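Chemist: Sharing coords.cif here; it has mmCIF, N, CA and C atoms and all ligand atoms.
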```cif
data_final
loop_
_atom_site.label_atom_id
_atom_site.label_comp_id
_atom_site.auth_asym_id
_atom_site.auth_seq_id
_atom_site.Cartn_x
_atom_site.Cartn_y
_atom_site.Cartn_z
N MET A 6 -12.34 -0.26 4.64
CA MET A 6 -11.84 1.10 4.43
C MET A 6 -10.37 1.04 4.01
N ILE A 7 -10.05 1.73 2.92
CA ILE A 7 -8.69 1.72 2.40
C ILE A 7 -8.06 3.10 2.63
N ALA A 8 -6.92 3.12 3.31
CA ALA A 8 -6.19 4.38 3.52
C ALA A 8 -5.36 4.68 2.28
N LEU A 9 -5.36 5.94 1.87
CA LEU A 9 -4.54 6.37 0.74
C LEU A 9 -3.69 7.56 1.18
N ALA A 10 -2.47 7.62 0.66
CA ALA A 10 -1.63 8.80 0.91
C ALA A 10 -0.54 8.86 -0.14
N SER A 11 -0.03 10.06 -0.34
CA SER A 11 1.07 10.24 -1.29
C SER A 11 1.78 11.54 -0.97
N ASP A 12 2.93 11.71 -1.62
CA ASP A 12 3.54 13.05 -1.69
C ASP A 12 3.18 13.63 -3.05
N HIS A 13 3.83 14.74 -3.42
CA HIS A 13 3.53 15.39 -4.71
C HIS A 13 3.83 14.46 -5.89
N ALA A 14 4.91 13.68 -5.78
CA ALA A 14 5.30 12.82 -6.90
C ALA A 14 4.29 11.69 -7.11
N GLY A 15 3.65 11.30 -6.04
CA GLY A 15 2.67 10.22 -6.14
C GLY A 15 1.23 10.71 -6.23
N PHE A 16 1.06 12.03 -6.23
CA PHE A 16 -0.29 12.60 -6.14
C PHE A 16 -1.21 12.13 -7.28
N GLU A 17 -0.74 12.24 -8.51
CA GLU A 17 -1.64 11.87 -9.63
C GLU A 17 -1.97 10.39 -9.61
N LEU A 18 -1.02 9.57 -9.25
CA LEU A 18 -1.30 8.12 -9.15
C LEU A 18 -2.30 7.86 -8.02
N LYS A 19 -2.09 8.53 -6.89
CA LYS A 19 -3.05 8.36 -5.79
C LYS A 19 -4.47 8.75 -6.22
N GLU A 20 -4.57 9.84 -6.95
CA GLU A 20 -5.90 10.29 -7.40
C GLU A 20 -6.52 9.26 -8.36
N ALA A 21 -5.70 8.68 -9.21
CA ALA A 21 -6.20 7.66 -10.15
C ALA A 21 -6.66 6.42 -9.37
N ILE A 22 -5.90 6.05 -8.36
CA ILE A 22 -6.27 4.89 -7.53
C ILE A 22 -7.56 5.20 -6.76
N LYS A 23 -7.66 6.42 -6.26
CA LYS A 23 -8.87 6.82 -5.52
C LYS A 23 -10.11 6.70 -6.41
N LYS A 24 -10.02 7.25 -7.61
CA LYS A 24 -11.14 7.19 -8.56
C LYS A 24 -11.51 5.73 -8.85
N HIS A 25 -10.50 4.94 -9.10
CA HIS A 25 -10.70 3.51 -9.42
C HIS A 25 -11.39 2.79 -8.24
N LEU A 26 -10.94 3.07 -7.04
CA LEU A 26 -11.51 2.39 -5.88
C LEU A 26 -12.95 2.85 -5.62
N VAL A 27 -13.18 4.14 -5.74
CA VAL A 27 -14.54 4.67 -5.52
C VAL A 27 -15.49 4.06 -6.56
N GLU A 28 -15.04 3.98 -7.81
CA GLU A 28 -15.87 3.37 -8.87
C GLU A 28 -16.18 1.90 -8.57
N ASN A 29 -15.28 1.28 -7.81
CA ASN A 29 -15.48 -0.13 -7.47
C ASN A 29 -16.04 -0.32 -6.06
N ASN A 30 -16.65 0.74 -5.56
CA ASN A 30 -17.41 0.70 -4.30
C ASN A 30 -16.59 0.47 -3.04
N TYR A 31 -15.31 0.80 -3.08
CA TYR A 31 -14.52 0.75 -1.84
C TYR A 31 -14.72 2.06 -1.09
N ASP A 32 -14.67 1.98 0.23
CA ASP A 32 -14.62 3.19 1.06
C ASP A 32 -13.15 3.56 1.19
N ILE A 33 -12.86 4.83 1.03
CA ILE A 33 -11.45 5.24 1.14
C ILE A 33 -11.32 6.40 2.13
N LEU A 34 -10.14 6.47 2.72
CA LEU A 34 -9.78 7.59 3.60
C LEU A 34 -8.50 8.17 3.02
N ASP A 35 -8.57 9.39 2.52
CA ASP A 35 -7.45 10.00 1.81
C ASP A 35 -6.71 10.94 2.76
N PHE A 36 -5.46 10.60 3.05
CA PHE A 36 -4.66 11.41 3.97
C PHE A 36 -3.82 12.47 3.27
N GLY A 37 -4.08 12.70 1.96
CA GLY A 37 -3.33 13.70 1.22
C GLY A 37 -2.04 13.12 0.64
N THR A 38 -1.28 13.90 0.01
CA THR A 38 -1.37 15.31 -0.23
C THR A 38 -2.45 15.60 -1.28
N ASN A 39 -2.75 16.87 -1.44
CA ASN A 39 -3.89 17.23 -2.29
C ASN A 39 -3.53 18.04 -3.52
N SER A 40 -2.25 18.07 -3.88
CA SER A 40 -1.84 18.78 -5.09
C SER A 40 -0.46 18.31 -5.52
N ASN A 41 0.00 18.87 -6.64
CA ASN A 41 1.35 18.56 -7.14
C ASN A 41 2.44 19.38 -6.45
N ALA A 42 2.05 20.26 -5.51
CA ALA A 42 3.04 21.10 -4.83
C ALA A 42 3.95 20.23 -3.95
N SER A 43 5.22 20.53 -3.98
CA SER A 43 6.21 19.71 -3.28
C SER A 43 5.96 19.66 -1.77
N VAL A 44 5.95 18.45 -1.25
CA VAL A 44 5.78 18.22 0.19
C VAL A 44 6.74 17.11 0.61
N ASP A 45 6.94 16.97 1.90
CA ASP A 45 7.74 15.87 2.44
C ASP A 45 6.81 14.66 2.62
N TYR A 46 7.26 13.51 2.15
CA TYR A 46 6.38 12.33 2.20
C TYR A 46 6.19 11.70 3.59
N PRO A 47 7.12 11.85 4.55
CA PRO A 47 6.93 11.08 5.79
C PRO A 47 5.60 11.32 6.54
N PRO A 48 5.15 12.57 6.73
CA PRO A 48 3.89 12.72 7.50
C PRO A 48 2.69 12.07 6.83
N PHE A 49 2.66 12.08 5.51
CA PHE A 49 1.51 11.52 4.79
C PHE A 49 1.51 9.99 4.90
N ALA A 50 2.68 9.39 4.67
CA ALA A 50 2.77 7.93 4.78
C ALA A 50 2.49 7.50 6.22
N ARG A 51 2.97 8.28 7.16
CA ARG A 51 2.77 7.96 8.57
C ARG A 51 1.29 7.97 8.96
N MET A 52 0.55 8.99 8.50
CA MET A 52 -0.88 9.06 8.85
C MET A 52 -1.63 7.85 8.31
N ALA A 53 -1.33 7.46 7.09
CA ALA A 53 -2.02 6.29 6.50
C ALA A 53 -1.63 5.02 7.26
N ALA A 54 -0.36 4.88 7.58
CA ALA A 54 0.11 3.68 8.28
C ALA A 54 -0.50 3.60 9.68
N GLU A 55 -0.58 4.72 10.36
CA GLU A 55 -1.16 4.71 11.71
C GLU A 55 -2.65 4.37 11.66
N ALA A 56 -3.33 4.78 10.60
CA ALA A 56 -4.76 4.44 10.47
C ALA A 56 -4.93 2.94 10.26
N VAL A 57 -4.03 2.34 9.51
CA VAL A 57 -4.10 0.88 9.31
C VAL A 57 -3.72 0.15 10.61
N ALA A 58 -2.66 0.60 11.24
CA ALA A 58 -2.20 -0.05 12.48
C ALA A 58 -3.28 0.03 13.57
N ALA A 59 -4.04 1.13 13.59
CA ALA A 59 -5.08 1.33 14.61
C ALA A 59 -6.37 0.57 14.27
N GLY A 60 -6.44 0.01 13.07
CA GLY A 60 -7.66 -0.72 12.68
C GLY A 60 -8.74 0.18 12.11
N GLU A 61 -8.42 1.46 11.97
CA GLU A 61 -9.37 2.42 11.38
C GLU A 61 -9.56 2.11 9.88
N CYS A 62 -8.49 1.62 9.27
CA CYS A 62 -8.53 1.19 7.86
C CYS A 62 -8.05 -0.26 7.80
N ASP A 63 -8.61 -1.02 6.85
CA ASP A 63 -8.23 -2.43 6.72
C ASP A 63 -6.87 -2.59 6.04
N LYS A 64 -6.66 -1.74 5.04
CA LYS A 64 -5.42 -1.80 4.26
C LYS A 64 -5.08 -0.38 3.83
N GLY A 65 -3.85 -0.20 3.34
CA GLY A 65 -3.44 1.12 2.86
C GLY A 65 -2.62 1.04 1.59
N ILE A 66 -2.76 2.05 0.77
CA ILE A 66 -1.99 2.15 -0.48
C ILE A 66 -1.35 3.53 -0.51
N ILE A 67 -0.02 3.55 -0.64
CA ILE A 67 0.70 4.82 -0.54
C ILE A 67 1.65 4.96 -1.72
N CYS A 68 1.80 6.19 -2.18
CA CYS A 68 2.57 6.44 -3.40
C CYS A 68 3.57 7.59 -3.19
N CYS A 69 4.76 7.42 -3.74
CA CYS A 69 5.69 8.53 -3.90
C CYS A 69 6.37 8.33 -5.24
N GLY A 70 7.50 8.98 -5.47
CA GLY A 70 8.13 8.85 -6.78
C GLY A 70 8.57 7.42 -7.07
N THR A 71 9.30 6.86 -6.12
CA THR A 71 9.80 5.48 -6.27
C THR A 71 9.00 4.46 -5.48
N GLY A 72 8.24 4.91 -4.51
CA GLY A 72 7.58 4.01 -3.56
C GLY A 72 8.49 3.67 -2.38
N ILE A 73 9.76 4.00 -2.51
CA ILE A 73 10.73 3.61 -1.47
C ILE A 73 10.53 4.42 -0.19
N GLY A 74 10.48 5.73 -0.32
CA GLY A 74 10.38 6.58 0.87
C GLY A 74 9.14 6.26 1.70
N VAL A 75 7.99 6.19 1.03
CA VAL A 75 6.76 5.94 1.79
C VAL A 75 6.77 4.54 2.42
N SER A 76 7.39 3.56 1.74
CA SER A 76 7.42 2.21 2.31
C SER A 76 8.31 2.17 3.54
N ILE A 77 9.42 2.89 3.49
CA ILE A 77 10.32 2.93 4.67
C ILE A 77 9.57 3.53 5.85
N VAL A 78 8.87 4.61 5.62
CA VAL A 78 8.11 5.26 6.71
C VAL A 78 7.06 4.30 7.27
N ALA A 79 6.25 3.72 6.40
CA ALA A 79 5.14 2.88 6.86
C ALA A 79 5.67 1.69 7.68
N ASN A 80 6.79 1.14 7.25
CA ASN A 80 7.32 -0.04 7.95
C ASN A 80 7.93 0.29 9.31
N LYS A 81 8.02 1.57 9.64
CA LYS A 81 8.45 1.98 10.99
C LYS A 81 7.29 1.91 11.98
N VAL A 82 6.08 1.82 11.47
CA VAL A 82 4.90 1.81 12.35
C VAL A 82 4.60 0.36 12.73
N LYS A 83 4.51 0.12 14.03
CA LYS A 83 4.30 -1.25 14.53
C LYS A 83 3.02 -1.86 13.94
N GLY A 84 3.15 -3.07 13.47
CA GLY A 84 1.98 -3.76 12.92
C GLY A 84 1.83 -3.60 11.42
N ILE A 85 2.66 -2.74 10.84
CA ILE A 85 2.56 -2.52 9.39
C ILE A 85 3.56 -3.41 8.65
N ARG A 86 3.04 -4.05 7.63
CA ARG A 86 3.88 -4.78 6.68
C ARG A 86 3.59 -4.15 5.31
N CYS A 87 4.44 -3.22 4.94
CA CYS A 87 4.22 -2.46 3.70
C CYS A 87 5.13 -3.02 2.60
N ALA A 88 4.51 -3.48 1.53
CA ALA A 88 5.27 -4.06 0.41
C ALA A 88 5.39 -3.05 -0.72
N LEU A 89 6.62 -2.81 -1.12
CA LEU A 89 6.87 -1.99 -2.32
C LEU A 89 6.71 -2.91 -3.52
N CYS A 90 5.65 -2.72 -4.25
CA CYS A 90 5.33 -3.63 -5.36
C CYS A 90 5.66 -2.98 -6.70
N THR A 91 6.23 -3.77 -7.59
CA THR A 91 6.67 -3.23 -8.88
C THR A 91 6.03 -3.95 -10.07
N ASN A 92 5.31 -5.01 -9.82
CA ASN A 92 4.65 -5.72 -10.92
C ASN A 92 3.51 -6.57 -10.35
N GLU A 93 2.80 -7.25 -11.23
CA GLU A 93 1.64 -8.02 -10.78
C GLU A 93 2.05 -9.17 -9.86
N PHE A 94 3.21 -9.77 -10.13
CA PHE A 94 3.67 -10.90 -9.31
C PHE A 94 3.98 -10.46 -7.88
N THR A 95 4.69 -9.34 -7.73
CA THR A 95 5.02 -8.91 -6.36
C THR A 95 3.76 -8.46 -5.63
N ALA A 96 2.80 -7.88 -6.36
CA ALA A 96 1.54 -7.50 -5.72
C ALA A 96 0.83 -8.74 -5.18
N GLU A 97 0.79 -9.79 -5.97
CA GLU A 97 0.12 -11.03 -5.55
C GLU A 97 0.87 -11.70 -4.39
N MET A 98 2.17 -11.83 -4.53
CA MET A 98 2.93 -12.56 -3.51
C MET A 98 3.00 -11.80 -2.18
N SER A 99 2.95 -10.48 -2.24
CA SER A 99 3.01 -9.72 -0.98
C SER A 99 1.78 -9.98 -0.13
N ARG A 100 0.69 -10.37 -0.75
CA ARG A 100 -0.50 -10.75 0.00
C ARG A 100 -0.42 -12.25 0.39
N LYS A 101 -0.12 -13.11 -0.57
CA LYS A 101 -0.12 -14.56 -0.32
C LYS A 101 0.90 -14.97 0.72
N HIS A 102 2.10 -14.43 0.64
CA HIS A 102 3.18 -14.91 1.50
C HIS A 102 3.52 -13.96 2.64
N ASN A 103 3.29 -12.66 2.46
CA ASN A 103 3.73 -11.70 3.49
C ASN A 103 2.57 -11.07 4.24
N ASP A 104 1.35 -11.34 3.83
CA ASP A 104 0.18 -10.72 4.45
C ASP A 104 0.37 -9.21 4.56
N ALA A 105 0.89 -8.61 3.49
CA ALA A 105 1.12 -7.16 3.50
C ALA A 105 -0.19 -6.43 3.74
N ASN A 106 -0.16 -5.50 4.69
CA ASN A 106 -1.38 -4.71 4.94
C ASN A 106 -1.28 -3.31 4.33
N MET A 107 -0.11 -3.02 3.76
CA MET A 107 0.01 -1.80 2.96
C MET A 107 0.81 -2.09 1.71
N MET A 108 0.48 -1.34 0.67
CA MET A 108 1.17 -1.46 -0.60
C MET A 108 1.76 -0.10 -0.94
N ALA A 109 3.03 -0.10 -1.34
CA ALA A 109 3.66 1.14 -1.80
C ALA A 109 3.90 1.04 -3.30
N LEU A 110 3.63 2.15 -3.98
CA LEU A 110 3.81 2.20 -5.43
C LEU A 110 4.64 3.42 -5.80
N GLY A 111 5.48 3.27 -6.80
CA GLY A 111 6.30 4.37 -7.29
C GLY A 111 5.72 4.93 -8.57
N ALA A 112 5.24 6.16 -8.50
CA ALA A 112 4.59 6.78 -9.66
C ALA A 112 5.58 7.06 -10.79
N ARG A 113 6.88 7.15 -10.45
CA ARG A 113 7.89 7.40 -11.48
C ARG A 113 8.49 6.08 -11.99
N VAL A 114 7.94 4.98 -11.46
CA VAL A 114 8.46 3.65 -11.80
C VAL A 114 7.41 2.84 -12.55
N THR A 115 6.17 2.93 -12.07
CA THR A 115 5.09 2.07 -12.55
C THR A 115 4.03 2.91 -13.24
N ASP A 116 3.68 2.56 -14.48
CA ASP A 116 2.65 3.37 -15.14
C ASP A 116 1.28 3.08 -14.55
N GLN A 117 0.39 4.06 -14.79
CA GLN A 117 -0.91 4.06 -14.11
C GLN A 117 -1.75 2.81 -14.40
N GLU A 118 -1.75 2.39 -15.64
CA GLU A 118 -2.57 1.23 -16.01
C GLU A 118 -2.11 -0.02 -15.26
N LEU A 119 -0.80 -0.23 -15.21
CA LEU A 119 -0.26 -1.37 -14.48
C LEU A 119 -0.55 -1.23 -12.98
N ALA A 120 -0.38 -0.02 -12.48
CA ALA A 120 -0.62 0.21 -11.04
C ALA A 120 -2.05 -0.17 -10.66
N LEU A 121 -3.01 0.19 -11.48
CA LEU A 121 -4.42 -0.12 -11.16
C LEU A 121 -4.65 -1.64 -11.20
N LYS A 122 -4.00 -2.32 -12.13
CA LYS A 122 -4.11 -3.79 -12.17
C LYS A 122 -3.51 -4.39 -10.90
N MET A 123 -2.36 -3.83 -10.48
CA MET A 123 -1.71 -4.33 -9.27
C MET A 123 -2.57 -4.10 -8.04
N VAL A 124 -3.23 -2.94 -7.99
CA VAL A 124 -4.13 -2.63 -6.87
C VAL A 124 -5.25 -3.67 -6.80
N ASP A 125 -5.84 -3.99 -7.94
CA ASP A 125 -6.93 -4.98 -7.96
C ASP A 125 -6.44 -6.35 -7.49
N ILE A 126 -5.29 -6.75 -7.99
CA ILE A 126 -4.74 -8.05 -7.57
C ILE A 126 -4.48 -8.04 -6.06
N TRP A 127 -3.85 -6.98 -5.63
CA TRP A 127 -3.45 -6.89 -4.21
C TRP A 127 -4.68 -6.92 -3.28
N LEU A 128 -5.72 -6.20 -3.66
CA LEU A 128 -6.92 -6.15 -2.79
C LEU A 128 -7.73 -7.44 -2.84
N ASN A 129 -7.52 -8.24 -3.86
CA ASN A 129 -8.34 -9.45 -4.03
C ASN A 129 -7.58 -10.75 -3.79
N THR A 130 -6.40 -10.65 -3.23
CA THR A 130 -5.60 -11.85 -2.96
C THR A 130 -5.52 -12.07 -1.46
N GLU A 131 -5.82 -13.30 -1.05
CA GLU A 131 -5.81 -13.64 0.37
C GLU A 131 -4.43 -14.15 0.81
N PHE A 132 -4.15 -13.98 2.09
CA PHE A 132 -2.95 -14.55 2.72
C PHE A 132 -3.09 -16.07 2.74
N GLU A 133 -2.02 -16.77 2.42
CA GLU A 133 -2.09 -18.24 2.36
C GLU A 133 -1.96 -18.92 3.72
N GLU A 134 -1.58 -18.17 4.75
CA GLU A 134 -1.42 -18.74 6.10
C GLU A 134 -0.37 -19.86 6.08
N GLY A 135 -0.61 -20.98 6.83
CA GLY A 135 0.34 -22.10 6.85
C GLY A 135 1.73 -21.67 7.27
N ARG A 136 2.75 -22.15 6.55
CA ARG A 136 4.13 -21.83 6.90
C ARG A 136 4.41 -20.32 6.81
N HIS A 137 3.63 -19.63 6.00
CA HIS A 137 3.85 -18.19 5.86
C HIS A 137 3.40 -17.44 7.11
N LYS A 138 2.41 -17.99 7.82
CA LYS A 138 1.95 -17.38 9.07
C LYS A 138 3.09 -17.41 10.10
N ARG A 139 3.79 -18.54 10.16
CA ARG A 139 4.91 -18.65 11.11
C ARG A 139 5.95 -17.55 10.81
N ARG A 140 6.21 -17.32 9.55
CA ARG A 140 7.22 -16.33 9.17
C ARG A 140 6.75 -14.91 9.46
N VAL A 141 5.48 -14.66 9.18
CA VAL A 141 4.93 -13.32 9.48
C VAL A 141 4.94 -13.09 11.00
N ASP A 142 4.62 -14.15 11.77
CA ASP A 142 4.68 -14.02 13.23
C ASP A 142 6.08 -13.65 13.69
N MET A 143 7.10 -14.22 13.04
CA MET A 143 8.49 -13.90 13.39
C MET A 143 8.78 -12.42 13.11
N ILE A 144 8.22 -11.89 12.05
CA ILE A 144 8.39 -10.47 11.75
C ILE A 144 7.75 -9.64 12.86
N GLU A 145 6.54 -10.03 13.25
CA GLU A 145 5.80 -9.26 14.27
C GLU A 145 6.52 -9.29 15.61
N GLU A 146 7.25 -10.40 15.88
CA GLU A 146 8.01 -10.47 17.15
C GLU A 146 9.09 -9.39 17.22
N LEU A 147 9.49 -8.87 16.09
CA LEU A 147 10.52 -7.82 16.08
C LEU A 147 9.99 -6.51 16.67
N GLY A 148 8.67 -6.42 16.75
CA GLY A 148 8.05 -5.21 17.36
C GLY A 148 7.64 -4.20 16.33
C1 LIG B 1 10.37 13.29 -4.29
O1 LIG B 1 11.16 13.97 -5.19
C2 LIG B 1 10.88 11.86 -4.11
O2 LIG B 1 12.09 11.87 -3.45
C3 LIG B 1 9.85 11.03 -3.36
O3 LIG B 1 8.65 11.06 -4.04
C4 LIG B 1 10.18 9.57 -3.19
O4 LIG B 1 10.53 8.96 -4.41
C5 LIG B 1 11.11 9.22 -2.10
O5 LIG B 1 11.41 8.04 -1.84
#
```
Here is the file; what I need is its structure written in the form of structure tokens.
Ligand code: RB5

Modeler:
Amino acid sequence: MIALASDHAGFELKEAIKKHLVENNYDILDFGTNSNASVDYPPFARMAAEAVAAGECDKGIICCGTGIGVSIVANKVKGIRCALCTNEFTAEMSRKHNDANMMALGARVTDQELALKMVDIWLNTEFEEGRHKRRVDMIEELG
């Protein structure tokens, strides 16, 4: 199950990601927002992050204008490692080296076609474990 959330700036990208994931047989849980009307991003990012932290969703993808606001919110939730990804390389490495369980995307930064490619890479890349596990454990020790 993949958690999705956005504010108004990320709404259209979230909808495109939702369509793409549904077409590819993923189960999704959409925490809103549900239109282009202006909203504050923290409650939406928080709901998605809490669903991932609780194990209700395996991973989460969240969008705002830059991806920055939603990533800051998600990373406040214990157990969340939310990576703000800007290209295919950061999408891949955030899984391989950081075991990111959430991905943040900026709809005003990354075009839709690239974002969908990044989503596919991110969902299909495994954590490499090894020395990276030690480092991720150190992050988790921070609480
Ligand atoms: C909304 O205008 C914008 O501030 C928000 O989408 C996001 O980019 C914040 O980090």

Chemist: Any chance you could tabulate, as a tab-separated table, the residues of chain A at most 9 Å from ligand LIG 1 (chain B) with each one's nearest atom pair and distance in Å to one decimal, using only C-alpha atoms and all ligand atoms, in chain and rising number order?

Modeler:
```
residue	atom	partner	partner_atom	distance
A:Ser11	CA	B:LIG1	O3	8.1
A:Asp12	CA	B:LIG1	O3	6.0
A:His13	CA	B:LIG1	O3	6.7
A:Ala14	CA	B:LIG1	O3	4.7
A:Gly15	CA	B:LIG1	O3	6.4
A:Ser43	CA	B:LIG1	C1	7.7
A:Val44	CA	B:LIG1	C1	8.1
A:Asp45	CA	B:LIG1	C1	7.7
A:Tyr46	CA	B:LIG1	C3	6.7
A:Cys68	CA	B:LIG1	O3	7.7
A:Cys69	CA	B:LIG1	O3	3.9
A:Gly70	CA	B:LIG1	O4	3.4
A:Thr71	CA	B:LIG1	O4	4.0
A:Gly72	CA	B:LIG1	O5	5.8
A:Ile73	CA	B:LIG1	O5	4.5
A:Gly74	CA	B:LIG1	O5	3.2
A:Val75	CA	B:LIG1	O5	6.3
A:Ser76	CA	B:LIG1	O5	8.2
A:Ile77	CA	B:LIG1	O5	8.3
A:Gly111	CA	B:LIG1	O4	6.9
A:Ala112	CA	B:LIG1	O3	8.1
A:Arg113	CA	B:LIG1	O4	7.7
```

Chemist: Go ahead and save the picked residues with N, CA and C atoms, as a short mmCIF file (atom, residue, chain, number, x, y, z; two decimals), in the coordinates of the input.

Modeler:
```cif
data_model
loop_
_atom_site.label_atom_id
_atom_site.label_comp_id
_atom_site.auth_asym_id
_atom_site.auth_seq_id
_atom_site.Cartn_x
_atom_site.Cartn_y
_atom_site.Cartn_z
N SER A 11 -0.03 10.06 -0.34
CA SER A 11 1.07 10.24 -1.29
C SER A 11 1.78 11.54 -0.97
N ASP A 12 2.93 11.71 -1.62
CA ASP A 12 3.54 13.05 -1.69
C ASP A 12 3.18 13.63 -3.05
N HIS A 13 3.83 14.74 -3.42
CA HIS A 13 3.53 15.39 -4.71
C HIS A 13 3.83 14.46 -5.89
N ALA A 14 4.91 13.68 -5.78
CA ALA A 14 5.30 12.82 -6.90
C ALA A 14 4.29 11.69 -7.11
N GLY A 15 3.65 11.30 -6.04
CA GLY A 15 2.67 10.22 -6.14
C GLY A 15 1.23 10.71 -6.23
N SER A 43 5.22 20.53 -3.98
CA SER A 43 6.21 19.71 -3.28
C SER A 43 5.96 19.66 -1.77
N VAL A 44 5.95 18.45 -1.25
CA VAL A 44 5.78 18.22 0.19
C VAL A 44 6.74 17.11 0.61
N ASP A 45 6.94 16.97 1.90
CA ASP A 45 7.74 15.87 2.44
C ASP A 45 6.81 14.66 2.62
N TYR A 46 7.26 13.51 2.15
CA TYR A 46 6.38 12.33 2.20
C TYR A 46 6.19 11.70 3.59
N CYS A 68 1.80 6.19 -2.18
CA CYS A 68 2.57 6.44 -3.40
C CYS A 68 3.57 7.59 -3.19
N CYS A 69 4.76 7.42 -3.74
CA CYS A 69 5.69 8.53 -3.90
C CYS A 69 6.37 8.33 -5.24
N GLY A 70 7.50 8.98 -5.47
CA GLY A 70 8.13 8.85 -6.78
C GLY A 70 8.57 7.42 -7.07
N THR A 71 9.30 6.86 -6.12
CA THR A 71 9.80 5.48 -6.27
C THR A 71 9.00 4.46 -5.48
N GLY A 72 8.24 4.91 -4.51
CA GLY A 72 7.58 4.01 -3.56
C GLY A 72 8.49 3.67 -2.38
N ILE A 73 9.76 4.00 -2.51
CA ILE A 73 10.73 3.61 -1.47
C ILE A 73 10.53 4.42 -0.19
N GLY A 74 10.48 5.73 -0.32
CA GLY A 74 10.38 6.58 0.87
C GLY A 74 9.14 6.26 1.70
N VAL A 75 7.99 6.19 1.03
CA VAL A 75 6.76 5.94 1.79
C VAL A 75 6.77 4.54 2.42
N SER A 76 7.39 3.56 1.74
CA SER A 76 7.42 2.21 2.31
C SER A 76 8.31 2.17 3.54
N ILE A 77 9.42 2.89 3.49
CA ILE A 77 10.32 2.93 4.67
C ILE A 77 9.57 3.53 5.85
N GLY A 111 5.48 3.27 -6.80
CA GLY A 111 6.30 4.37 -7.29
C GLY A 111 5.72 4.93 -8.57
N ALA A 112 5.24 6.16 -8.50
CA ALA A 112 4.59 6.78 -9.66
C ALA A 112 5.58 7.06 -10.79
N ARG A 113 6.88 7.15 -10.45
CA ARG A 113 7.89 7.40 -11.48
C ARG A 113 8.49 6.08 -11.99
#
```

Chemist: Select, from A:Ile85, A:Asn92, A:Leu34, A:Ala42, the residue with the minimum atom-to-atom distance to Gln117 (chain A), counting only C-alpha atoms.

Modeler: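 Closest to Gln117 (chain A), using only C-alpha atoms: A:Asn92.
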
Chemist: Using all atoms listed in the file for the distances, tell me which of A:Glu134, A:Glu146, A:Glu17, A:Glu118 is nearest to Asn41 (chain A).

Modeler: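 Counting all atoms listed in the file, the residue closest to Asn41 (chain A) is A:Glu17.
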
Chemist: List the neighbours of region 52-66 of chain A out to 6 Å using all atoms listed in the file; skip same-chain residues closer than 4 positions along the sequence, and give me the result as a ChimeraX atom specification.

Modeler: /A:6-10,47-48,79,83-85,106-109

Chemist: Provide the atom N of Asn80 (chain A) to atom C of Asp104 (chain A) distance in Å, to one decimal place.

Modeler: 12.5 Å

Chemist: Pick out each residue of chain A that DSSP on the backbone tags as strand (DSSP E or B); I need them as a list in words.

Modeler: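 Reading the DSSP output for chain A, strand (DSSP E or B) covers Ile7, Ala8, Leu9, Ala10, Ser11, Ile33, Leu34, Asp35, Lys64, Gly65, Ile66, Ile67, Cys68, Cys69, Cys87, Ala88, Leu89, Met107, Met108, Ala109, Leu110 and Gly111 of chain A.
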
Chemist: Looking at A:His102, A:Arg51, A:Arg86, A:Lys24, which one is nearest to Lys138 (chain A), with distances taken over only C-alpha atoms?

Modeler: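 With only C-alpha atoms as the atom set, the closest residue is A:His102.
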